[in-house]
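Engineer: Sharing model-v9.cif, mmCIF, C-alpha atoms:
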data_coords
loop_
_atom_site.label_atom_id
_atom_site.label_comp_id
_atom_site.auth_asym_id
_atom_site.auth_seq_id
_atom_site.Cartn_x
_atom_site.Cartn_y
_atom_site.Cartn_z
CA MET O 143 -35.74 -219.57 -43.85
CA ASP O 144 -34.62 -223.02 -44.97
CA GLN O 145 -32.19 -225.28 -43.16
CA ALA O 146 -29.16 -224.03 -45.12
CA ASP O 147 -29.93 -220.40 -44.24
CA LYS O 148 -30.31 -221.30 -40.57
CA LEU O 149 -26.99 -223.10 -40.57
CA LEU O 150 -25.35 -220.15 -42.35
CA GLU O 151 -26.63 -217.62 -39.81
CA ALA O 152 -25.67 -219.88 -36.91
CA HIS O 153 -22.19 -220.36 -38.36
CA ILE O 154 -21.69 -216.62 -38.84
CA ALA O 155 -22.91 -215.88 -35.30
CA PHE O 156 -20.54 -218.53 -33.95
CA GLU O 157 -17.55 -217.07 -35.79
CA LEU O 158 -18.39 -213.50 -34.74
CA LYS O 159 -18.51 -214.53 -31.11
CA ARG O 160 -15.42 -216.69 -31.46
CA TRP O 161 -13.24 -213.90 -32.81
CA THR O 162 -14.46 -211.07 -30.58
CA SER O 163 -14.77 -212.79 -27.19
CA SER O 164 -12.39 -212.42 -24.27
CA LYS O 165 -11.02 -215.88 -25.12
CA MET O 166 -10.11 -214.78 -28.62
CA THR O 167 -6.38 -214.82 -27.92
CA LYS O 168 -6.57 -218.57 -27.28
CA GLU O 169 -8.08 -218.99 -30.72
CA LEU O 170 -4.98 -217.32 -32.13
CA GLU O 171 -2.53 -219.87 -30.72
CA PRO O 172 -3.04 -222.62 -33.32
CA LEU O 173 -3.11 -220.00 -36.09
CA LEU O 174 0.17 -218.49 -34.91
CA ASP O 175 1.71 -221.94 -34.60
CA GLY O 176 0.68 -222.74 -38.15
CA LEU O 177 1.84 -219.37 -39.44
CA TRP O 178 5.29 -219.67 -37.89
CA ALA O 179 5.67 -223.26 -39.08
CA TRP O 180 4.87 -222.07 -42.60
CA LEU O 181 7.37 -219.21 -42.30
CA GLU O 182 10.07 -221.63 -41.16
CA ASN O 183 9.45 -224.03 -44.03
CA THR O 184 8.97 -221.55 -46.87
CA HIS O 185 12.01 -220.10 -48.61
CA VAL O 186 12.00 -216.55 -49.97
CA SER O 187 12.51 -217.70 -53.56
CA ALA O 188 9.78 -220.33 -53.22
CA MET O 189 7.21 -217.74 -52.23
CA LEU O 190 8.21 -215.22 -54.91
CA GLU O 191 10.79 -215.79 -57.63
CA ALA O 192 13.48 -213.18 -58.23
CA ASP O 193 12.35 -212.42 -61.79
CA THR O 194 8.77 -211.87 -60.63
CA ALA O 195 9.97 -209.54 -57.86
CA VAL O 196 12.08 -207.56 -60.35
CA ASP O 197 9.24 -207.27 -62.87
CA THR O 198 6.83 -206.16 -60.14
CA ALA O 199 9.21 -203.52 -58.78
CA LEU O 200 9.93 -202.13 -62.26
CA ARG O 201 6.22 -202.02 -63.04
CA TRP O 202 5.61 -200.08 -59.83
CA LEU O 203 8.37 -197.67 -60.78
CA ASP O 204 6.74 -197.07 -64.14
CA ASP O 205 3.06 -197.06 -63.09
CA TRP O 206 3.03 -195.83 -59.51
CA TYR O 207 2.51 -192.12 -60.04
CA LEU O 208 2.47 -190.32 -56.70
CA PRO O 209 -0.19 -187.56 -56.80
CA ASP O 210 0.50 -183.94 -55.92
CA THR O 211 -1.76 -184.32 -52.88
CA LEU O 212 1.06 -186.33 -51.32
CA THR O 213 3.06 -183.11 -50.94
CA VAL O 214 0.21 -181.66 -48.88
CA LEU O 215 0.24 -184.73 -46.63
CA VAL O 216 4.01 -184.76 -46.21
CA GLY O 217 4.17 -180.99 -45.81
CA SER O 218 1.47 -180.87 -43.14
CA ILE O 219 3.18 -183.58 -41.09
CA ALA O 220 6.60 -181.96 -41.48
CA LYS O 221 5.27 -178.53 -40.44
CA ARG O 222 3.63 -180.06 -37.38
CA LEU O 223 6.87 -181.77 -36.37
CA VAL O 224 8.96 -178.63 -36.95
CA GLN O 225 6.64 -176.55 -34.74
CA LEU O 226 6.63 -178.99 -31.81
CA PRO O 227 7.65 -177.32 -28.51
CA VAL O 228 9.88 -180.29 -27.73
CA ASN O 229 12.29 -179.09 -30.41
CA THR O 230 13.10 -175.95 -28.43
CA GLU O 231 13.39 -177.95 -25.22
CA THR O 232 15.71 -180.66 -26.55
CA ARG O 233 19.46 -180.28 -27.05
CA ILE O 234 21.41 -182.11 -29.73
CA GLY O 235 23.34 -183.77 -26.92
CA ASP O 236 20.08 -185.19 -25.55
CA VAL O 237 19.55 -187.35 -28.63
CA VAL O 238 23.18 -187.93 -29.63
CA ASP O 239 25.44 -188.72 -26.68
CA ASP O 240 29.21 -188.26 -26.60
CA GLU O 241 29.90 -191.93 -27.22
CA LEU O 242 27.77 -192.06 -30.36
CA TYR O 243 29.26 -188.83 -31.70
CA GLU O 244 32.81 -190.07 -31.09
CA ALA O 245 31.98 -193.33 -32.86
CA GLY O 246 30.80 -191.32 -35.86
CA VAL O 247 34.01 -189.27 -35.85
CA GLU O 248 36.12 -192.43 -35.78
CA LEU O 249 34.14 -193.77 -38.71
CA ILE O 250 34.98 -190.63 -40.69
CA VAL O 251 38.63 -190.87 -39.62
CA ASP O 252 38.85 -194.46 -40.87
CA MET O 253 37.46 -193.52 -44.30
CA ASP O 254 40.71 -191.90 -45.41
CA GLN O 255 40.34 -192.85 -49.09
CA LEU O 256 36.81 -191.46 -49.26
CA ARG O 257 37.93 -188.28 -47.49
CA GLU O 258 40.79 -187.82 -49.95
CA ASN O 259 38.52 -188.37 -52.96
CA LEU O 260 35.95 -185.87 -51.65
CA ILE O 261 38.62 -183.22 -51.09
CA LYS O 262 40.06 -183.74 -54.57
CA GLN O 263 36.67 -183.63 -56.26
CA ALA O 264 35.64 -180.53 -54.32
CA THR O 265 38.86 -178.64 -55.05
CA GLU O 266 38.80 -179.60 -58.74
CA SER O 267 35.30 -178.26 -59.31
CA PRO O 268 34.75 -175.04 -61.32
CA LEU O 269 32.98 -173.50 -58.34
CA TYR O 270 36.03 -173.98 -56.14
CA ALA O 271 38.28 -172.49 -58.84
CA MET O 272 36.00 -169.46 -59.00
CA LEU O 273 36.11 -169.14 -55.22
CA ILE O 274 39.91 -169.30 -55.14
CA SER O 275 40.18 -166.72 -57.94
CA ASN O 276 37.86 -164.29 -56.18
CA VAL O 277 39.66 -164.71 -52.86
CA LEU O 278 43.04 -164.07 -54.48
CA TYR O 279 41.75 -161.11 -56.46
CA SER O 280 40.10 -159.48 -53.46
CA GLY O 281 43.15 -160.04 -51.27
CA ILE O 282 45.65 -158.64 -53.77
CA ARG O 283 43.45 -155.69 -54.72
CA ASP O 284 42.84 -154.78 -51.08
CA TYR O 285 46.54 -155.06 -50.32
CA LEU O 286 47.53 -152.83 -53.22
CA SER O 287 45.07 -150.15 -52.16
CA SER O 288 45.82 -150.40 -48.44
CA SER O 289 47.98 -147.91 -46.55
CA SER O 290 50.84 -150.44 -46.48
CA GLY O 291 50.38 -151.67 -50.03
CA ALA O 292 52.91 -151.45 -52.83
CA VAL O 293 50.94 -148.83 -54.78
CA GLN O 294 51.01 -146.50 -51.82
CA LYS O 295 54.83 -146.45 -52.00
CA VAL O 296 54.78 -144.99 -55.50
CA PRO O 297 55.32 -141.21 -55.19
CA GLY O 298 52.02 -139.35 -55.51
CA MET O 299 49.88 -142.50 -55.76
CA GLY O 300 48.92 -142.50 -52.08
CA SER O 301 47.28 -139.08 -52.23
CA LEU O 302 45.70 -139.92 -55.57
CA LEU O 303 44.19 -143.19 -54.35
CA SER O 304 42.85 -141.48 -51.27
CA LYS O 305 40.63 -139.38 -53.56
CA GLY O 306 38.98 -142.54 -54.90
CA SER O 307 38.74 -144.40 -58.19
CA ALA O 308 36.90 -141.51 -59.87
CA ALA O 309 39.89 -139.22 -59.39
CA LEU O 310 42.24 -141.96 -60.52
CA ASN O 311 40.32 -142.53 -63.74
CA LYS O 312 40.16 -138.79 -64.37
CA ARG O 313 43.93 -138.33 -64.08
CA MET O 314 44.81 -141.63 -65.80
CA PRO O 315 41.88 -142.83 -67.92
CA GLY O 316 41.65 -146.60 -68.21
CA LEU O 317 44.36 -147.28 -65.64
CA GLU O 318 42.04 -148.92 -63.09
CA SER O 319 40.43 -151.26 -65.62
CA ALA O 320 43.84 -152.10 -67.09
CA ILE O 321 45.22 -152.98 -63.66
CA GLU O 322 42.14 -155.07 -62.90
CA ASP O 323 42.43 -156.96 -66.20
CA ARG O 324 46.12 -157.64 -65.69
CA LEU O 325 45.47 -158.76 -62.14
CA ARG O 326 42.67 -161.12 -63.15
CA ASN O 327 44.77 -162.58 -65.99
CA PHE O 328 47.63 -163.16 -63.57
CA ILE O 329 45.37 -164.89 -61.08
CA ARG O 330 43.72 -166.97 -63.80
CA GLY O 331 47.11 -168.18 -64.93
CA ASN O 332 48.13 -169.13 -61.41
CA THR O 333 44.82 -170.57 -60.18
CA GLU O 334 45.80 -174.15 -60.97
CA LYS O 335 48.87 -173.87 -58.77
CA SER O 336 46.82 -172.25 -56.00
CA ILE O 337 44.26 -175.06 -56.21
CA ARG O 338 46.99 -177.71 -55.97
CA ASN O 339 48.42 -175.95 -52.94
CA SER O 340 45.02 -175.60 -51.27
CA GLN O 341 44.20 -179.23 -52.06
CA GLN O 342 47.38 -180.42 -50.38
CA PHE O 343 46.75 -178.07 -47.48
CA LEU O 344 43.28 -179.55 -46.93
CA LEU O 345 44.63 -183.11 -47.17
CA ASP O 346 47.25 -182.28 -44.55
CA ALA O 347 44.88 -180.23 -42.40
CA LEU O 348 42.22 -182.93 -42.37
CA GLY O 349 44.34 -185.79 -41.14
CA PRO O 350 43.08 -188.12 -38.38
CA GLU O 351 44.27 -186.05 -35.43
CA GLN O 352 43.17 -182.76 -36.98
CA ILE O 353 39.70 -184.19 -37.66
CA ARG O 354 39.41 -185.34 -34.06
CA GLU O 355 40.45 -181.91 -32.75
CA LEU O 356 38.11 -180.08 -35.13
CA SER O 357 35.26 -182.45 -34.27
CA ASP O 358 35.81 -181.89 -30.56
CA GLU O 359 35.59 -178.12 -31.06
CA ILE O 360 32.42 -178.45 -33.14
CA TRP O 361 30.83 -180.83 -30.63
CA ARG O 362 31.53 -178.56 -27.67
CA ASP O 363 29.51 -175.81 -29.35
CA ALA O 364 26.88 -177.99 -31.00
CA LYS O 365 25.89 -180.41 -28.23
CA ASP O 366 24.03 -177.72 -26.26
CA ALA O 367 22.30 -176.26 -29.31
CA ARG O 368 18.54 -176.78 -29.53
CA LEU O 369 16.98 -178.97 -32.22
CA SER O 370 14.49 -176.31 -33.27
CA VAL O 371 14.78 -175.22 -36.91
CA SER O 372 11.51 -173.29 -37.08
CA ASP O 373 13.41 -170.00 -37.20
CA MET O 374 15.39 -171.21 -40.24
CA VAL O 375 12.70 -173.08 -42.20
CA SER O 376 9.35 -171.48 -42.95
CA ASP O 377 6.10 -173.28 -43.79
CA GLU O 378 6.54 -172.13 -47.38
CA ASP O 379 10.03 -173.64 -47.48
CA ILE O 380 8.67 -176.98 -46.27
CA ASP O 381 5.95 -176.98 -48.92
CA ARG O 382 8.47 -176.16 -51.63
CA LEU O 383 10.86 -178.89 -50.44
CA ALA O 384 8.05 -181.47 -50.39
CA SER O 385 6.99 -180.45 -53.89
CA PHE O 386 10.58 -180.58 -55.14
CA GLY O 387 11.11 -184.01 -53.57
CA LEU O 388 8.08 -185.34 -55.42
CA GLN O 389 9.34 -183.80 -58.66
CA VAL O 390 12.73 -185.48 -58.16
CA TRP O 391 11.01 -188.82 -57.61
CA HIS O 392 8.98 -188.49 -60.82
CA GLU O 393 12.16 -187.74 -62.76
CA LEU O 394 14.32 -190.45 -61.18
CA ARG O 395 11.85 -193.32 -61.37
CA GLN O 396 11.80 -193.13 -65.18
CA THR O 397 15.57 -193.22 -65.63
CA GLU O 398 17.39 -196.37 -66.70
CA TYR O 399 19.87 -195.73 -63.89
CA ILE O 400 17.29 -196.13 -61.11
CA GLN O 401 15.73 -199.12 -62.87
CA GLU O 402 19.14 -200.78 -63.04
CA LEU O 403 19.75 -200.10 -59.34
CA VAL O 404 16.39 -201.65 -58.45
CA ARG O 405 17.02 -204.64 -60.72
CA GLU O 406 20.49 -205.35 -59.34
CA GLY O 407 19.43 -204.63 -55.75
CA ILE O 408 16.68 -207.26 -55.90
CA GLN O 409 18.91 -209.78 -57.66
CA GLY O 410 21.58 -209.23 -55.01
CA PHE O 411 19.00 -209.69 -52.25
CA TYR O 412 17.90 -213.02 -53.71
CA GLU O 413 21.49 -214.21 -54.10
CA VAL O 414 22.01 -213.74 -50.36
CA TYR O 415 18.57 -214.44 -48.88
CA GLY O 416 16.69 -216.38 -51.57
CA SER O 417 17.55 -219.76 -50.03
CA GLN O 418 16.68 -218.65 -46.50
CA SER O 419 13.30 -219.17 -44.90
CA LEU O 420 10.86 -216.34 -44.35
CA ALA O 421 11.31 -216.85 -40.61
CA GLU O 422 15.07 -216.30 -40.96
CA LEU O 423 14.42 -213.18 -43.02
CA LEU O 424 12.11 -211.81 -40.32
CA LYS O 425 14.80 -212.48 -37.71
CA HIS O 426 17.20 -210.32 -39.75
CA LEU O 427 14.60 -207.56 -39.32
CA GLY O 428 14.43 -208.12 -35.56
CA LEU O 429 11.15 -210.09 -35.63
CA ASP O 430 11.30 -213.49 -33.94
CA ARG O 431 8.45 -215.81 -32.95
CA GLU O 432 8.00 -214.23 -29.54
CA THR O 433 7.89 -210.68 -30.90
CA LEU O 434 5.44 -211.65 -33.63
CA ASP O 435 3.16 -213.37 -31.11
CA THR O 436 3.25 -210.37 -28.79
CA GLU O 437 2.42 -207.86 -31.51
CA ILE O 438 -0.40 -209.92 -33.00
CA ARG O 439 -1.94 -210.56 -29.58
CA THR O 440 -1.68 -206.85 -28.80
CA LEU O 441 -3.18 -205.55 -32.03
CA ALA O 442 -5.67 -208.28 -32.94
CA PRO O 443 -8.35 -207.56 -30.27
CA ASP O 444 -8.77 -203.90 -31.24
CA LEU O 445 -8.62 -204.62 -34.97
CA LEU O 446 -11.17 -207.43 -34.79
CA LYS O 447 -13.47 -205.38 -32.54
CA HIS O 448 -13.41 -202.55 -35.05
CA ALA O 449 -14.05 -205.01 -37.89
CA ARG O 450 -17.05 -206.39 -36.00
CA ASP O 451 -18.47 -202.98 -35.02
CA THR O 452 -18.24 -201.67 -38.59
CA GLY O 453 -19.70 -204.83 -40.13
CA LEU O 454 -16.50 -205.69 -41.98
CA LEU O 455 -15.99 -208.97 -40.11
CA GLU O 456 -19.53 -210.18 -40.79
CA SER O 457 -19.26 -209.23 -44.47
CA ALA O 458 -16.00 -211.13 -44.79
CA LEU O 459 -17.52 -214.19 -43.10
CA ARG O 460 -20.55 -214.12 -45.40
CA LEU O 461 -18.36 -213.86 -48.49
CA GLN O 462 -16.41 -216.87 -47.27
CA LEU O 463 -19.30 -219.06 -46.05
CA GLU O 464 -22.30 -218.27 -48.26
CA PRO O 465 -21.01 -220.01 -51.41
CA PHE O 466 -20.90 -223.32 -49.55
CA TYR O 467 -24.30 -223.01 -47.87
CA ARG O 468 -25.82 -221.99 -51.21
CA SER O 469 -24.15 -224.84 -53.08
CA SER O 470 -25.71 -228.04 -54.34
CA ALA O 471 -23.21 -229.99 -52.25
CA CYS O 472 -24.68 -228.51 -49.05
CA THR O 473 -28.23 -229.16 -50.28
CA LYS O 474 -27.41 -232.81 -50.95
CA LEU O 475 -25.88 -233.20 -47.48
CA LEU O 476 -28.95 -231.72 -45.80
CA LYS O 477 -31.27 -234.04 -47.74
CA ALA O 478 -29.24 -237.13 -47.01
#
What would you get if you wrote out this structure as structure tokens?
Structural biologist:
Amino acid sequence: MDQADKLLEAHIAFELKRWTSSKMTKELEPLLDGLWAWLENTHVSAMLEADTAVDTALRWLDDWYLPDTLTVLVGSIAKRLVQLPVNTETRIGDVVDDELYEAGVELIVDMDQLRENLIKQATESPLYAMLISNVLYSGIRDYLSSSSGAVQKVPGMGSLLSKGSAALNKRMPGLESAIEDRLRNFIRGNTEKSIRNSQQFLLDALGPEQIRELSDEIWRDAKDARLSVSDMVSDEDIDRLASFGLQVWHELRQTEYIQELVREGIQGFYEVYGSQSLAELLKHLGLDRETLDTEIRTLAPDLLKHARDTGLLESALRLQLEPFYRSSACTKLLKA
């Protein structure tokens, strides 16, 4: 072993001991000082330009294909969480207190324009029109055939209806279908008016005070309910939901709409935070110097010990140091 090899091995042994000894945390202090100073003096846009960030994000959207095995991972974790005994032991009120719930209600109350738009869009949908038509049809039909209905007051119709629709069709062929068609046509022609009336009713019924009262009633019943959903969601349902979620992602990531959202979102981020330092950005995320120091000092010993025990730390040191000790510059220094 020549002099360069001896120096290399001694240097590696020194670094291994340095970064895995009980005094290792002291070695971190100058590194943390330097890191934080760099974070304070480096702006977001200086580290990574907005255009580069946009191009990278769009490339990830296009290239980052999430494999089907991800659904197995997500599904297995979700099933484990759903089956936890703590779900049956925990009430909704244990995780959402009255004050937080009331704050959420007030938030909904204040969003009057959003509430109005949602009601209008919901009541103007074809599904809602179908619902209103069916409700009206069922109500009118049941009334006409009830003991107090108008048809019952026609002489002889009460006894005829009591024998059922088969008897009615036998005595008056086509009458039932004709009545049904006329009734449906009448309802169809008046559905728009019914929808307008129901829309106004909902707008009036869901005013601020009504929402508060309704929310109080819901909360009284819901706060003591358990968080468990295992009786409503099966393992198969979870697997299907995970698979569907992945399918949705694959479809959305290729659309121009999502790409435009990503592009504008990043540009907007840089307009606000591009001139700020990385340290300021971390503070917006709740990470200050003290928190960063604490977390690094907490995690570093275990991570470095594992890196040493598995040989990763030594391999990294050799990759970093060997080129110098094998270089002609080192040879010249040793011969000097």
Engineer: Find the residues of segment 354-436 of chain O that sit at most 10 Å from segment 200-224 of chain O; for each, write down the nearest two atoms and how far apart they are in Å, to one decimal. Count all atoms listed in the file. Sort by chain, then by number going up, and give it as JSON lines.
Structural biologist:
{"residue": "O:Leu369", "atom": "CA", "partner": "O:Val224", "partner_atom": "CA", "distance": 9.3}
{"residue": "O:Ser370", "atom": "CA", "partner": "O:Val224", "partner_atom": "CA", "distance": 7.0}
{"residue": "O:Val371", "atom": "CA", "partner": "O:Val224", "partner_atom": "CA", "distance": 6.7}
{"residue": "O:Ser372", "atom": "CA", "partner": "O:Val224", "partner_atom": "CA", "distance": 5.9}
{"residue": "O:Asp373", "atom": "CA", "partner": "O:Val224", "partner_atom": "CA", "distance": 9.7}
{"residue": "O:Val375", "atom": "CA", "partner": "O:Val224", "partner_atom": "CA", "distance": 8.5}
{"residue": "O:Ser376", "atom": "CA", "partner": "O:Lys221", "partner_atom": "CA", "distance": 8.5}
{"residue": "O:Asp377", "atom": "CA", "partner": "O:Lys221", "partner_atom": "CA", "distance": 6.3}
{"residue": "O:Glu378", "atom": "CA", "partner": "O:Gly217", "partner_atom": "CA", "distance": 9.3}
{"residue": "O:Asp379", "atom": "CA", "partner": "O:Gly217", "partner_atom": "CA", "distance": 9.5}
{"residue": "O:Ile380", "atom": "CA", "partner": "O:Gly217", "partner_atom": "CA", "distance": 6.0}
{"residue": "O:Asp381", "atom": "CA", "partner": "O:Gly217", "partner_atom": "CA", "distance": 5.4}
{"residue": "O:Arg382", "atom": "CA", "partner": "O:Gly217", "partner_atom": "CA", "distance": 8.7}
{"residue": "O:Leu383", "atom": "CA", "partner": "O:Gly217", "partner_atom": "CA", "distance": 8.4}
{"residue": "O:Ala384", "atom": "CA", "partner": "O:Thr213", "partner_atom": "CA", "distance": 5.3}
{"residue": "O:Ser385", "atom": "CA", "partner": "O:Thr213", "partner_atom": "CA", "distance": 5.6}
{"residue": "O:Phe386", "atom": "CA", "partner": "O:Thr213", "partner_atom": "CA", "distance": 9.0}
{"residue": "O:Gly387", "atom": "CA", "partner": "O:Thr213", "partner_atom": "CA", "distance": 8.5}
{"residue": "O:Leu388", "atom": "CA", "partner": "O:Thr213", "partner_atom": "CA", "distance": 7.1}
{"residue": "O:Gln389", "atom": "CA", "partner": "O:Asp210", "partner_atom": "CA", "distance": 9.3}
{"residue": "O:Trp391", "atom": "CA", "partner": "O:Leu208", "partner_atom": "CA", "distance": 8.7}
{"residue": "O:His392", "atom": "CA", "partner": "O:Tyr207", "partner_atom": "CA", "distance": 7.5}
{"residue": "O:Leu394", "atom": "CA", "partner": "O:Leu203", "partner_atom": "CA", "distance": 9.4}
{"residue": "O:Arg395", "atom": "CA", "partner": "O:Leu203", "partner_atom": "CA", "distance": 5.6}
{"residue": "O:Gln396", "atom": "CA", "partner": "O:Asp204", "partner_atom": "CA", "distance": 6.5}
{"residue": "O:Thr397", "atom": "CA", "partner": "O:Asp204", "partner_atom": "CA", "distance": 9.7}
{"residue": "O:Ile400", "atom": "CA", "partner": "O:Leu203", "partner_atom": "CA", "distance": 9.1}
{"residue": "O:Gln401", "atom": "CA", "partner": "O:Leu200", "partner_atom": "CA", "distance": 6.6}
{"residue": "O:Glu402", "atom": "CA", "partner": "O:Leu200", "partner_atom": "CA", "distance": 9.3}
{"residue": "O:Val404", "atom": "CA", "partner": "O:Leu200", "partner_atom": "CA", "distance": 7.5}
{"residue": "O:Arg405", "atom": "CA", "partner": "O:Leu200", "partner_atom": "CA", "distance": 7.7}
Engineer: Distance atom CA of Ala449 of chain O-atom CA of Phe156 of chain O, one decimal place?
Structural biologist: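 Straight-line distance from atom CA of Ala449 of chain O to atom CA of Phe156 of chain O works out to 15.5 Å.
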Engineer: Using only C-alpha atoms, find the one residue out of O:Val196, O:Arg233, O:Phe343, O:Ile250 that sits nearest to Gly407 of chain O.
Structural biologist: O:Val196
Engineer: Taking only C-alpha atoms into account, name the residue in O:Glu191, O:His185, O:Leu226, O:Leu348 that is nearest to Met253 of chain O.
Structural biologist: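 Among O:Glu191, O:His185, O:Leu226, O:Leu348, it is O:Leu348 that comes nearest to Met253 of chain O.
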Engineer: Please write as a ChimeraX atom specification the full residue list that the PyMOL selection byres ((chain O and resi 145) around 10) yields on this file.
Structural biologist: /O:143-144,146-150,467,473,476-477
Engineer: What is the distance between atom CA of Asp346 of chain O and atom CA of Phe328 of chain O, in Å to one decimal?
Structural biologist: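 Computing it gives 27.0 Å between the two atoms.
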Engineer: Could you list as a PDB file with C-alpha atoms, keeping the file's coordinate frame every residue that has an atom within 10 Å of (18.4, -176.1, -25.6), using the file's coordinates and counting all atoms listed in the file?
Structural biologist:
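To be explicit, this is the file written out as result19.pdb:
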ATOM      1  CA  VAL O 228       9.880-180.290 -27.730  1.00  0.00           C
ATOM      2  CA  ASN O 229      12.290-179.090 -30.410  1.00  0.00           C
ATOM      3  CA  THR O 230      13.100-175.950 -28.430  1.00  0.00           C
ATOM      4  CA  GLU O 231      13.390-177.950 -25.220  1.00  0.00           C
ATOM      5  CA  THR O 232      15.710-180.660 -26.550  1.00  0.00           C
ATOM      6  CA  ARG O 233      19.460-180.280 -27.050  1.00  0.00           C
ATOM      7  CA  ILE O 234      21.410-182.110 -29.730  1.00  0.00           C
ATOM      8  CA  GLY O 235      23.340-183.770 -26.920  1.00  0.00           C
ATOM      9  CA  ASP O 236      20.080-185.190 -25.550  1.00  0.00           C
ATOM     10  CA  LYS O 365      25.890-180.410 -28.230  1.00  0.00           C
ATOM     11  CA  ASP O 366      24.030-177.720 -26.260  1.00  0.00           C
ATOM     12  CA  ALA O 367      22.300-176.260 -29.310  1.00  0.00           C
ATOM     13  CA  ARG O 368      18.540-176.780 -29.530  1.00  0.00           C
ATOM     14  CA  LEU O 369      16.980-178.970 -32.220  1.00  0.00           C
ATOM     15  CA  SER O 370      14.490-176.310 -33.270  1.00  0.00           C
TER      16      SER O 370
END
Engineer: Can you work out the spacing between atom CA of Glu351 of chain O and atom CA of Lys262 of chain O in Å, to one decimal?
Structural biologist: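 Interatomic distance, atom CA of Glu351 of chain O to atom CA of Lys262 of chain O: 19.7 Å.
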Engineer: Using only C-alpha atoms, which residues sit within 10 Å of Leu278 of chain O once same-chain residues fewer than 5 positions away are excluded, as a PyMOL selection string?
Structural biologist: chain O and resi 272-273+283-284+325-326+329-330+332-333+336
Engineer: Excluding Ile261 of chain O and residues on its chain fewer than 6 positions from it, collect all residues at most 12 Å away from it, counting only C-alpha atoms, and give them as a list in words.
Structural biologist: Asp254, Gln255, Ser267, Tyr270, Ile337, Arg338, Ser340, Gln341, Gln342, Phe343, Leu344, Leu345, Asp346, Ala347, Leu348 and Gly349 of chain O
Engineer: Can you write out the residues you just picked, keeping C-alpha atoms, as a CSV table (one decimal), in the coordinates of the input?
Structural biologist:
chain,number,residue,atom,x,y,z
O,254,ASP,CA,40.7,-191.9,-45.4
O,255,GLN,CA,40.3,-192.8,-49.1
O,267,SER,CA,35.3,-178.3,-59.3
O,270,TYR,CA,36.0,-174.0,-56.1
O,337,ILE,CA,44.3,-175.1,-56.2
O,338,ARG,CA,47.0,-177.7,-56.0
O,340,SER,CA,45.0,-175.6,-51.3
O,341,GLN,CA,44.2,-179.2,-52.1
O,342,GLN,CA,47.4,-180.4,-50.4
O,343,PHE,CA,46.8,-178.1,-47.5
O,344,LEU,CA,43.3,-179.6,-46.9
O,345,LEU,CA,44.6,-183.1,-47.2
O,346,ASP,CA,47.2,-182.3,-44.6
O,347,ALA,CA,44.9,-180.2,-42.4
O,348,LEU,CA,42.2,-182.9,-42.4
O,349,GLY,CA,44.3,-185.8,-41.1
Engineer: Go through segment 400-447 of chain O and flag each residue having an atom no more than 8 Å from segment 173-180 of chain O; for those, report the closest pair of atoms plus their distance in Å to one decimal, using all atoms listed in the file, ordered by chain and rising number, as JSON lines.
Structural biologist:
{"residue": "O:Ala421", "atom": "CA", "partner": "O:Trp178", "partner_atom": "CA", "distance": 7.2}
{"residue": "O:Arg431", "atom": "CA", "partner": "O:Trp178", "partner_atom": "CA", "distance": 7.0}
{"residue": "O:Asp435", "atom": "CA", "partner": "O:Leu174", "partner_atom": "CA", "distance": 7.0}
Engineer: Step by step, work through what the PyMOL selection byres ((chain O and resi 442) around 12) selects in the shown file, and finish by giving those residues as a count of residues only.
Structural biologist: 26
Engineer: From the list O:Gln352, O:Thr194, O:Ser457, O:Asn183, which residue is nearest Tyr412 of chain O when using all atoms listed in the file?
Structural biologist: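 The closest residue to Tyr412 of chain O is O:Thr194.
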Engineer: Just checking: using only C-alpha atoms, which residue out of O:Pro465, O:Gly453, O:Gly416, O:Gly428 ends up closest to Ser187 of chain O?
Structural biologist: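 Selected residue with least distance to Ser187 of chain O: O:Gly416.
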Engineer: Name the closest residue to Ile408 of chain O among the candidates O:Asn339, O:Thr265, O:Thr198, O:Asn327; distances are taken between atoms, counting only C-alpha atoms.
Structural biologist: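 The answer is O:Thr198, which sits nearest to Ile408 of chain O.
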